[in-house]
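Shown next, in structure tokens, is the structure this report addresses.
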Amino acid sequence: MSDSTRREFFERAGQAVCLTTLVGAAGLVVRRSWALDAWAIDPNRCVNIRLGVNGPQSVCQKCAETCVLSLSAVRAVNDHSQCGRCCICPAYFDVQSTVGPDGLPSKKLCPRDAIVRQPIGEVDPYDPLNNYYEYLIDEEKCNGCGRCVMECKDPAGLGSIRLEVRYDLCLRCNRCSIAEECPETALQRCGADPQPRSPLVSAHA
Ligand code: SF4
Ligand code: SF4
Ligand code: SF4
């Protein structure tokens, strides 16, 4: 091998090593930012949970509308340890709608039909208000619009439904577009290793 060919060989080898090192470093940065940049909703700050005169006049839908994903990474979840399993759930039924022949509101609240109602035990048709139901969120339909969250609180609901950023769906954007729009700064960084969702239950759990 001539001197010039040898020099060329070593120059190319050096460039390859540099490129490999740069790619590796970039990968580390990406992995590190992934580890650091999880976002979470503080449920106590979300305006849709607020009660009474301080509560909102209309539902805040920014979680559904401003996420960079076409189907928001924010979904509703029902904490079953808090749920009353009510026969007439104000998050499931549109309680303003006319009452049907079965004595129940004729329309559902969720615009995406994302809430599943399942009876617990045997249904007594002669005593409908003493029947109990499990309410599950279909996470493949829910877009986090917040309507059910707003309705599931006093006087008719117990506040068991809340909005959550789904860690498995969220892109962990450096600047979360929802965080920038949220009127209550409810979206905040939550550390490198957020706790798994619990006791969140969905129709696909
Ligand atoms: S943007 Fe903020 S206030 Fe609005 S629904 Fe989301 S968390 Fe709640
Ligand atoms: S947040 Fe909206 S889309 Fe999701 S279950 Fe509640 S009402 Fe339906
Ligand atoms: S960080 Fe990005 S993907 Fe995650 S909730 Fe915010 S806007 Fe959506």
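Each chain in the structure tokens gets a letter, A, B, ..., in the order shown, and its residues are numbered from 1; ligands are numbered from 1 in order too.
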Original post:
So which residues touch Cys67 in chain A within 7 Å, counting only C-alpha atoms, skipping near sequence neighbours fewer than 6 positions away, as a VMD selection string?
Top reply: chain A and resid 73 177 to 178
Subject >> Secondary structure check, strand (DSSP E or B) residues of range 142-180 of chain A, as an NGL selection string >> reply: :A and (161-165)
Convert the current residue selection to file output with N, CA, C and O atoms, as a JSON list (two decimals), in the first residue's frame.
[["chain", "number", "residue", "atom", "x", "y", "z"],
["A", 161, "ILE", "N", -63.89, 10.06, 37.95],
["A", 161, "ILE", "CA", -63.28, 10.11, 36.61],
["A", 161, "ILE", "C", -62.35, 11.32, 36.53],
["A", 161, "ILE", "O", -62.70, 12.42, 36.98],
["A", 162, "ARG", "N", -61.17, 11.10, 35.97],
["A", 162, "ARG", "CA", -60.22, 12.20, 35.79],
["A", 162, "ARG", "C", -59.48, 12.01, 34.47],
["A", 162, "ARG", "O", -59.56, 10.95, 33.85],
["A", 163, "LEU", "N", -58.77, 13.05, 34.08],
["A", 163, "LEU", "CA", -57.97, 12.96, 32.85],
["A", 163, "LEU", "C", -56.53, 12.61, 33.19],
["A", 163, "LEU", "O", -55.99, 13.08, 34.19],
["A", 164, "GLU", "N", -55.92, 11.79, 32.35],
["A", 164, "GLU", "CA", -54.52, 11.43, 32.56],
["A", 164, "GLU", "C", -53.77, 11.44, 31.24],
["A", 164, "GLU", "O", -54.33, 11.07, 30.20],
["A", 165, "VAL", "N", -52.50, 11.85, 31.29],
["A", 165, "VAL", "CA", -51.62, 11.67, 30.13],
["A", 165, "VAL", "C", -51.21, 10.21, 30.12],
["A", 165, "VAL", "O", -50.71, 9.69, 31.12]]
**OP:** Within 6 Å of ligand 2, which residues show up when you count only C-alpha atoms and all ligand atoms? List them as a ChimeraX atom specification, please.
**Re:** /A:75-76,110-112,114-115,137,142-148
**OP:** Within 12 Å of ligand 3, which residues show up when you count only C-alpha atoms and all ligand atoms? List them as a VMD selection string, please.
**Re:** chain A and resid 34 36 to 41 62 to 75 143 to 144 163 to 182 186 to 190
**OP:** Can you pull out every residue within 12 Å of Leu109 in chain A, counting only C-alpha atoms, but drop anything in the same chain fewer than 4 positions away, and send it as an MDAnalysis selection string?
**Re:** chainID A and resid 88:97 105 113:116 145:152
Subject >> Which of A:Ser160, A:Asn78, A:Asn48, A:Asn131 sits closest to ligand 1 [using only C-alpha atoms and all ligand atoms] >> reply: A:Asn48
Subject >> Coordinates-based distance that separates CA of Pro43 in chain A from CA of Tyr133 in chain A (Å, one decimal) >> reply: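 Between these atoms lies a distance of 24.1 Å.
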